[in-house]
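Asker: Just so it is clear, I am handing over final36.txt, which has compact mmCIF, C-alpha atoms and all ligand atoms.
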# COMPACT_ATOMS: atom_id res chain seq x y z
CA MET N 12 0.00 0.00 0.00
CA VAL N 13 1.37 3.36 -0.94
CA ILE N 14 1.24 5.86 1.89
CA ILE N 15 1.45 9.40 0.65
CA ARG N 16 3.14 11.65 3.15
CA GLN N 17 1.51 15.00 3.47
CA ASN N 18 4.76 16.92 3.82
CA LEU N 19 5.97 15.70 0.42
CA LEU N 20 2.92 17.14 -1.22
CA ASP N 21 1.61 20.56 -1.85
CA PHE N 22 0.65 22.18 1.45
CA VAL N 23 -0.73 25.66 1.61
CA LEU N 24 -1.54 27.60 4.74
CA ILE N 25 -3.10 30.98 4.11
CA MET N 26 -3.36 33.58 6.88
CA SER N 27 -4.59 30.91 9.19
CA GLN N 28 -4.61 30.45 12.94
CA PHE N 29 -3.93 26.76 12.45
CA ASN N 30 -0.43 25.58 13.35
CA ASN N 31 0.64 23.61 10.30
CA GLN N 32 2.97 21.20 12.17
CA LYS N 33 0.27 18.72 13.17
CA LEU N 34 -1.45 18.91 9.82
CA LYS N 35 1.87 18.40 8.01
CA ASN N 36 2.36 14.96 9.51
CA LEU N 37 -0.78 13.43 8.02
CA GLU N 38 -0.34 10.00 6.48
CA VAL N 39 -3.15 9.63 3.98
CA LYS N 40 -3.89 7.80 0.77
CA PHE N 41 -6.99 9.53 -0.60
CA ILE N 42 -8.32 12.44 1.44
CA GLY N 43 -6.01 15.15 2.78
CA LYS N 44 -3.22 14.86 0.23
CA ARG N 45 -3.47 18.62 -0.02
CA VAL N 46 -4.89 20.89 2.68
CA ILE N 47 -5.71 24.57 2.27
CA ALA N 48 -6.55 26.52 5.42
CA PHE N 49 -8.29 29.89 5.35
CA ASN N 50 -8.92 32.40 8.07
CA GLU N 51 -12.40 33.17 6.75
CA VAL N 52 -14.47 32.06 3.75
CA LYS N 53 -18.15 32.28 2.86
CA SER N 54 -18.45 28.51 2.94
CA THR N 55 -15.76 25.84 2.67
CA ASN N 56 -18.15 23.85 0.42
CA ASP N 57 -18.36 26.81 -1.98
CA GLU N 58 -14.61 27.41 -1.76
CA ILE N 59 -13.74 23.83 -2.68
CA LYS N 60 -16.06 23.97 -5.71
CA LYS N 61 -13.48 26.32 -7.29
CA HIS N 62 -11.21 23.24 -7.46
CA LEU N 63 -13.52 20.69 -9.12
CA ASN N 64 -11.08 20.06 -11.97
CA GLU N 65 -8.32 19.03 -9.54
CA ASP N 66 -7.40 15.56 -8.31
CA GLU N 67 -9.55 14.18 -5.50
CA GLY N 68 -8.34 14.46 -1.94
CA LEU N 69 -8.20 18.23 -1.51
CA VAL N 70 -9.34 19.43 1.93
CA ILE N 71 -10.28 23.01 2.75
CA ILE N 72 -10.62 24.19 6.34
CA ALA N 73 -11.54 27.62 7.65
CA ASN N 74 -11.33 29.38 10.97
CA SER N 75 -14.76 30.91 10.32
CA GLN N 76 -17.49 30.97 7.65
CA THR N 77 -19.64 34.00 6.88
CA GLN N 78 -22.29 32.02 4.97
CA GLY N 79 -21.95 28.46 6.27
CA ARG N 80 -24.67 26.26 4.81
CA GLY N 81 -26.55 23.33 6.33
CA ARG N 82 -28.92 20.75 4.89
CA LEU N 83 -32.37 21.72 3.61
CA GLY N 84 -31.31 25.33 2.94
CA ARG N 85 -30.51 26.05 6.58
CA ASP N 86 -27.61 28.22 7.81
CA TRP N 87 -24.68 26.71 9.67
CA HIS N 88 -23.57 29.25 12.26
CA SER N 89 -19.77 29.29 12.05
CA PRO N 90 -18.22 31.60 14.66
CA LYS N 91 -14.52 32.34 14.47
CA GLY N 92 -12.00 30.11 16.22
CA THR N 93 -14.51 27.79 17.87
CA GLY N 94 -15.79 25.18 15.45
CA ILE N 95 -14.42 22.98 12.68
CA TYR N 96 -15.54 23.90 9.17
CA LEU N 97 -14.06 21.43 6.72
CA SER N 98 -14.76 20.32 3.16
CA ALA N 99 -13.20 17.46 1.23
CA LEU N 100 -13.35 16.75 -2.51
CA VAL N 101 -13.71 13.16 -3.74
CA CYS N 102 -14.22 11.82 -7.27
CA PRO N 103 -14.92 8.08 -6.90
CA LYS N 104 -15.14 6.11 -10.11
CA ILE N 105 -18.51 4.61 -9.22
CA LYS N 106 -22.05 4.84 -10.62
CA PRO N 107 -23.87 8.04 -9.57
CA GLU N 108 -26.53 5.97 -7.72
CA LEU N 109 -23.78 4.83 -5.34
CA PHE N 110 -22.98 8.39 -4.32
CA PRO N 111 -25.53 8.70 -1.44
CA PRO N 112 -23.68 6.15 0.73
CA ILE N 113 -20.70 8.52 0.71
CA THR N 114 -22.78 10.66 3.06
CA LEU N 115 -23.04 7.69 5.43
CA ALA N 116 -19.29 7.10 5.14
CA ALA N 117 -18.63 10.76 5.99
CA GLY N 118 -20.86 10.52 9.08
CA LEU N 119 -19.15 7.29 10.14
CA ALA N 120 -15.70 8.89 9.80
CA THR N 121 -16.82 11.90 11.84
CA VAL N 122 -18.27 9.83 14.68
CA LEU N 123 -15.08 7.75 14.81
CA ALA N 124 -12.98 10.92 15.01
CA LEU N 125 -15.20 12.39 17.71
CA GLN N 126 -14.98 9.31 19.94
CA ASN N 127 -11.52 10.23 21.19
CA PHE N 128 -12.51 13.80 21.98
CA SER N 129 -15.81 13.30 23.79
CA LYS N 130 -16.41 12.18 27.37
CA SER N 131 -19.88 10.89 26.42
CA ILE N 132 -20.49 8.52 23.50
CA PRO N 133 -21.32 10.32 20.21
CA TYR N 134 -24.07 8.63 18.17
CA LEU N 135 -25.08 8.90 14.52
CA LYS N 136 -28.61 9.97 13.70
CA TRP N 137 -29.61 9.00 10.16
CA PRO N 138 -28.52 10.07 7.70
CA ASN N 139 -25.49 11.78 9.19
CA ASP N 140 -26.07 14.06 12.17
CA ILE N 141 -23.98 13.34 15.23
CA LEU N 142 -25.52 13.73 18.65
CA ILE N 143 -24.00 13.75 22.11
CA ASN N 144 -26.49 13.36 24.96
CA ASP N 145 -29.28 13.81 22.37
CA LYS N 146 -28.01 17.21 21.16
CA LYS N 147 -26.44 17.87 17.78
CA VAL N 148 -22.68 18.37 17.81
CA SER N 149 -21.95 17.84 14.11
CA GLY N 150 -23.70 17.99 10.75
CA ILE N 151 -22.69 17.01 7.24
CA LEU N 152 -23.66 18.52 3.91
CA CYS N 153 -22.65 16.40 0.90
CA GLU N 154 -23.13 17.91 -2.55
CA LEU N 155 -22.83 16.18 -5.92
CA CYS N 156 -21.04 18.49 -8.37
CA GLY N 157 -20.26 18.31 -12.08
CA ASP N 158 -20.40 15.23 -14.23
CA ALA N 159 -17.09 15.00 -16.05
CA PRO N 160 -15.84 13.55 -13.79
CA PRO N 161 -18.57 13.60 -11.12
CA SER N 162 -17.30 14.87 -7.78
CA VAL N 163 -18.71 14.89 -4.30
CA VAL N 164 -18.06 17.72 -1.87
CA ILE N 165 -18.20 16.47 1.72
CA GLY N 166 -18.79 19.39 4.09
CA ILE N 167 -18.45 18.75 7.82
CA GLY N 168 -19.24 21.15 10.63
CA ILE N 169 -18.36 20.29 14.25
CA ASN N 170 -19.25 22.39 17.28
CA VAL N 171 -16.03 22.23 19.26
CA ASN N 172 -15.37 25.09 21.67
CA GLN N 173 -18.64 27.03 21.41
CA GLN N 174 -20.01 28.43 24.66
CA ILE N 175 -23.78 28.39 25.20
CA GLU N 176 -24.05 32.06 24.15
CA HIS N 177 -22.72 31.17 20.70
CA PHE N 178 -26.01 29.36 20.00
CA SER N 179 -29.27 31.11 19.10
CA GLU N 180 -32.25 30.72 21.48
CA THR N 181 -33.71 28.02 19.20
CA LEU N 182 -30.45 26.10 18.91
CA LYS N 183 -29.74 26.17 22.65
CA ASN N 184 -32.27 23.36 23.13
CA THR N 185 -31.06 21.14 20.31
CA ALA N 186 -27.34 21.87 19.74
CA THR N 187 -24.25 21.37 21.83
CA SER N 188 -20.46 21.56 21.59
CA LEU N 189 -17.65 19.36 22.85
CA LEU N 190 -16.73 22.10 25.32
CA LEU N 191 -20.25 22.18 26.75
CA GLU N 192 -20.38 18.39 27.06
CA ASN N 193 -16.82 17.80 28.31
CA GLY N 194 -16.37 20.92 30.43
CA THR N 195 -12.95 21.50 28.88
CA GLU N 196 -11.69 22.88 25.56
CA VAL N 197 -10.64 20.57 22.75
CA ASP N 198 -7.58 21.21 20.55
CA ARG N 199 -9.22 21.86 17.17
CA GLU N 200 -6.10 20.97 15.19
CA GLU N 201 -5.82 17.56 16.84
CA LEU N 202 -9.45 16.93 16.03
CA ILE N 203 -8.95 18.08 12.42
CA VAL N 204 -6.01 15.69 12.06
CA SER N 205 -8.14 12.85 13.48
CA LEU N 206 -11.08 13.80 11.23
CA ILE N 207 -9.02 13.84 8.04
CA THR N 208 -7.32 10.56 8.99
CA CYS N 209 -10.70 8.90 9.67
CA LEU N 210 -12.20 10.30 6.44
CA ASP N 211 -9.27 8.89 4.48
CA LYS N 212 -9.58 5.46 6.13
CA VAL N 213 -13.37 5.16 5.83
CA TYR N 214 -13.38 6.42 2.22
CA GLY N 215 -10.74 3.76 1.42
CA ASP N 216 -12.94 1.14 3.12
CA PHE N 217 -15.93 2.32 1.06
CA LEU N 218 -14.01 2.04 -2.23
CA LYS N 219 -12.66 -1.40 -1.30
CA ASN N 220 -15.61 -3.01 0.50
CA GLY N 221 -18.69 -1.09 -0.70
CA THR N 222 -21.87 0.20 0.89
CA LYS N 223 -22.77 -2.96 2.83
CA PHE N 224 -19.55 -2.71 4.85
CA ILE N 225 -20.13 0.98 5.59
CA ALA N 226 -23.78 0.32 6.56
CA GLU N 227 -22.64 -2.37 9.03
CA GLN N 228 -20.07 -0.07 10.62
CA TRP N 229 -22.58 2.80 10.68
CA THR N 230 -25.08 0.58 12.52
CA ARG N 231 -22.57 0.06 15.35
CA HIS N 232 -22.48 3.79 16.07
CA THR N 233 -26.15 4.68 16.26
CA ASN N 234 -28.77 4.41 18.99
CA LEU N 235 -31.57 5.05 16.49
CA PHE N 236 -32.94 1.55 16.04
CA GLY N 237 -35.97 0.68 18.12
CA LYS N 238 -36.81 4.33 18.68
CA LYS N 239 -40.10 5.99 17.76
CA ILE N 240 -39.42 8.59 15.10
CA THR N 241 -40.96 10.94 12.63
CA LEU N 242 -39.37 11.14 9.20
CA VAL N 243 -40.18 14.07 6.94
CA ARG N 244 -39.59 13.71 3.21
CA GLY N 245 -41.02 15.83 0.44
CA GLY N 246 -43.38 17.54 2.88
CA VAL N 247 -44.88 14.21 4.04
CA VAL N 248 -44.51 13.16 7.69
CA TYR N 249 -44.07 9.43 8.36
CA THR N 250 -44.35 8.12 11.94
CA GLY N 251 -43.08 4.77 13.11
CA THR N 252 -40.19 2.84 14.63
CA ALA N 253 -36.68 2.90 13.13
CA LEU N 254 -35.73 -0.70 12.36
CA ARG N 255 -32.40 -0.96 10.53
CA LEU N 256 -30.11 0.23 7.77
CA THR N 257 -30.25 -1.95 4.66
CA GLU N 258 -27.17 -3.14 2.76
CA GLU N 259 -27.79 -0.24 0.37
CA GLY N 260 -27.72 2.27 3.23
CA LYS N 261 -31.47 2.90 3.22
CA LEU N 262 -33.35 3.41 6.46
CA GLU N 263 -36.16 0.93 7.09
CA ILE N 264 -38.92 2.03 9.41
CA ILE N 265 -42.06 0.19 10.49
CA SER N 266 -44.90 2.65 10.26
CA ASN N 267 -47.52 2.92 12.99
CA GLU N 268 -49.78 0.97 10.62
CA GLY N 269 -47.23 -1.88 10.51
CA GLU N 270 -45.95 -1.20 7.00
CA SER N 271 -42.24 -1.51 6.14
CA LEU N 272 -40.96 1.73 4.53
CA LEU N 273 -37.53 2.36 3.00
CA PHE N 274 -35.96 5.82 2.74
CA ASP N 275 -32.83 7.09 1.08
CA SER N 276 -33.29 10.67 2.29
CA GLY N 277 -35.32 12.57 4.86
CA GLU N 278 -35.21 14.38 8.17
CA VAL N 279 -35.54 12.22 11.29
CA ALA N 280 -36.75 13.42 14.70
CA TYR N 281 -37.03 11.30 17.84
CA ILE N 282 -40.40 11.30 19.60
CA GLY N 283 -41.26 10.26 23.11
C1 LIG N 301 -26.36 20.15 8.56
O1 LIG N 301 -26.40 19.46 9.58
O2 LIG N 301 -27.34 20.83 8.22
C2 LIG N 301 -25.12 20.19 7.75
C3 LIG N 301 -24.13 21.23 8.23
C4 LIG N 301 -22.87 21.27 7.40
C5 LIG N 301 -21.96 22.40 7.79
C6 LIG N 301 -20.62 22.31 7.12
S1 LIG N 301 -19.44 23.43 7.80
C7 LIG N 301 -18.34 23.07 6.50
C8 LIG N 301 -19.16 22.99 5.24
N1 LIG N 301 -19.36 24.30 4.67
C9 LIG N 301 -20.64 24.68 4.69
O3 LIG N 301 -21.08 25.75 4.26
N2 LIG N 301 -21.39 23.71 5.23
C10 LIG N 301 -20.59 22.56 5.61
What is this structure when it is put down as structure tokens?
Answerer:
Amino acid sequence: MVIIRQNLLDFVLIMSQFNNQKLKNLEVKFIGKRVIAFNEVKSTNDEIKKHLNEDEGLVIIANSQTQGRGRLGRDWHSPKGTGIYLSALVCPKIKPELFPPITLAAGLATVLALQNFSKSIPYLKWPNDILINDKKVSGILCELCGDAPPSVVIGIGINVNQQIEHFSETLKNTATSLLLENGTEVDREELIVSLITCLDKVYGDFLKNGTKFIAEQWTRHTNLFGKKITLVRGGVVYTGTALRLTEEGKLEIISNEGESLLFDSGEVAYIG
């Protein structure tokens, strides 16, 4: 196996507060071969889209985002020096219908990275939110871009050292940070290094072993199954019990009427 050493490759650090030493020692094969760090951008997902014609593996991180974006057209509040705002570019040579599981792989990589930085166990909530003590600590926005070759932008936001006053009144009830959960600050660079390393490993596993393998690993890091949920998709609300993730990465729920339903997208909320 060829290990590409980060410090032999192009490494750019632009006006950043990140200390490049830790990031320079990355040993990666796919993701993180090149890292660009910015002090401030509108959105790391938008920034990385300027590089769609480049080789896969580019990572862009920023110390803050002025227009951070979340799923379903929401904002992702990205205050300076507190969170992790990271995007990675991948161009897997697979059929476009196999792209959605990349979102699951990104969530799996993030939960694995978070494990070593959280006192409480982080859990995945389908499709790829990460919760600690039932509050959201991380979200992922994957975007399919271009078709020659098709690329996927994986955008990951992690609430790291946010204090409670960094969250809006609405978010205070549903969001958290590692600082709020642990009671102590986390070194963002160490977490970024862990995140990129996990992304690289899990993406490699996905390419080698496919969706079934990722779905199995994903299942080990969720507490979703057996819970009563609502799932909203296309304006329709489905209510039932979350059962399992299929080999294709779809969520199976048993509706309150006893019907088996499969979803490849949607917004899940726990009830009860
Ligand atoms: C969500 O849970 O709604 C997804 C949030 C994704 C936020 C990240 S932060 C880095 C990247 N850049 C963005 O503008 N969004 C993603």
Asker: Please identify every polymer residue within 9 Å of ligand LIG 301 (chain N), using only C-alpha atoms and all ligand atoms, and present the set as a JSON list (two decimals) with C-alpha atoms, in the coordinates of the input.
Answerer:
[["chain", "number", "residue", "atom", "x", "y", "z"],
["N", 53, "LYS", "CA", -18.15, 32.28, 2.86],
["N", 54, "SER", "CA", -18.45, 28.51, 2.94],
["N", 55, "THR", "CA", -15.76, 25.84, 2.67],
["N", 56, "ASN", "CA", -18.15, 23.85, 0.42],
["N", 57, "ASP", "CA", -18.36, 26.81, -1.98],
["N", 58, "GLU", "CA", -14.61, 27.41, -1.76],
["N", 71, "ILE", "CA", -10.28, 23.01, 2.75],
["N", 72, "ILE", "CA", -10.62, 24.19, 6.34],
["N", 73, "ALA", "CA", -11.54, 27.62, 7.65],
["N", 76, "GLN", "CA", -17.49, 30.97, 7.65],
["N", 77, "THR", "CA", -19.64, 34.00, 6.88],
["N", 78, "GLN", "CA", -22.29, 32.02, 4.97],
["N", 79, "GLY", "CA", -21.95, 28.46, 6.27],
["N", 80, "ARG", "CA", -24.67, 26.26, 4.81],
["N", 81, "GLY", "CA", -26.55, 23.33, 6.33],
["N", 82, "ARG", "CA", -28.92, 20.75, 4.89],
["N", 83, "LEU", "CA", -32.37, 21.72, 3.61],
["N", 84, "GLY", "CA", -31.31, 25.33, 2.94],
["N", 85, "ARG", "CA", -30.51, 26.05, 6.58],
["N", 86, "ASP", "CA", -27.61, 28.22, 7.81],
["N", 87, "TRP", "CA", -24.68, 26.71, 9.67],
["N", 88, "HIS", "CA", -23.57, 29.25, 12.26],
["N", 89, "SER", "CA", -19.77, 29.29, 12.05],
["N", 94, "GLY", "CA", -15.79, 25.18, 15.45],
["N", 95, "ILE", "CA", -14.42, 22.98, 12.68],
["N", 96, "TYR", "CA", -15.54, 23.90, 9.17],
["N", 97, "LEU", "CA", -14.06, 21.43, 6.72],
["N", 98, "SER", "CA", -14.76, 20.32, 3.16],
["N", 139, "ASN", "CA", -25.49, 11.78, 9.19],
["N", 140, "ASP", "CA", -26.07, 14.06, 12.17],
["N", 141, "ILE", "CA", -23.98, 13.34, 15.23],
["N", 147, "LYS", "CA", -26.44, 17.87, 17.78],
["N", 149, "SER", "CA", -21.95, 17.84, 14.11],
["N", 150, "GLY", "CA", -23.70, 17.99, 10.75],
["N", 151, "ILE", "CA", -22.69, 17.01, 7.24],
["N", 152, "LEU", "CA", -23.66, 18.52, 3.91],
["N", 153, "CYS", "CA", -22.65, 16.40, 0.90],
["N", 164, "VAL", "CA", -18.06, 17.72, -1.87],
["N", 165, "ILE", "CA", -18.20, 16.47, 1.72],
["N", 166, "GLY", "CA", -18.79, 19.39, 4.09],
["N", 167, "ILE", "CA", -18.45, 18.75, 7.82],
["N", 168, "GLY", "CA", -19.24, 21.15, 10.63],
["N", 169, "ILE", "CA", -18.36, 20.29, 14.25]]
Asker: Could you tell me which of N:Ala280, N:Ala116, N:Cys156, N:Val163 comes closest to Glu67 in chain N if we count all atoms listed in the file?
Answerer: N:Val163
Asker: Write out as a ChimeraX atom specification the residues lying within 12 Å of Arg231 in chain N, counting all atoms listed in the file and excluding same-chain residues fewer than 3 positions away.
Answerer: /N:119,122-123,132-136,224-228,234-236,255-256
Asker: Would you work out the distance separating CA of Gly194 in chain N from CA of Ser179 in chain N, expressed in Å to one decimal?
Answerer: 20.0 Å
Asker: Report, in Å to a single decimal, how far apart CA of Phe128 in chain N and CA of Val46 in chain N are.
Answerer: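 These atoms are spaced 21.9 Å apart.
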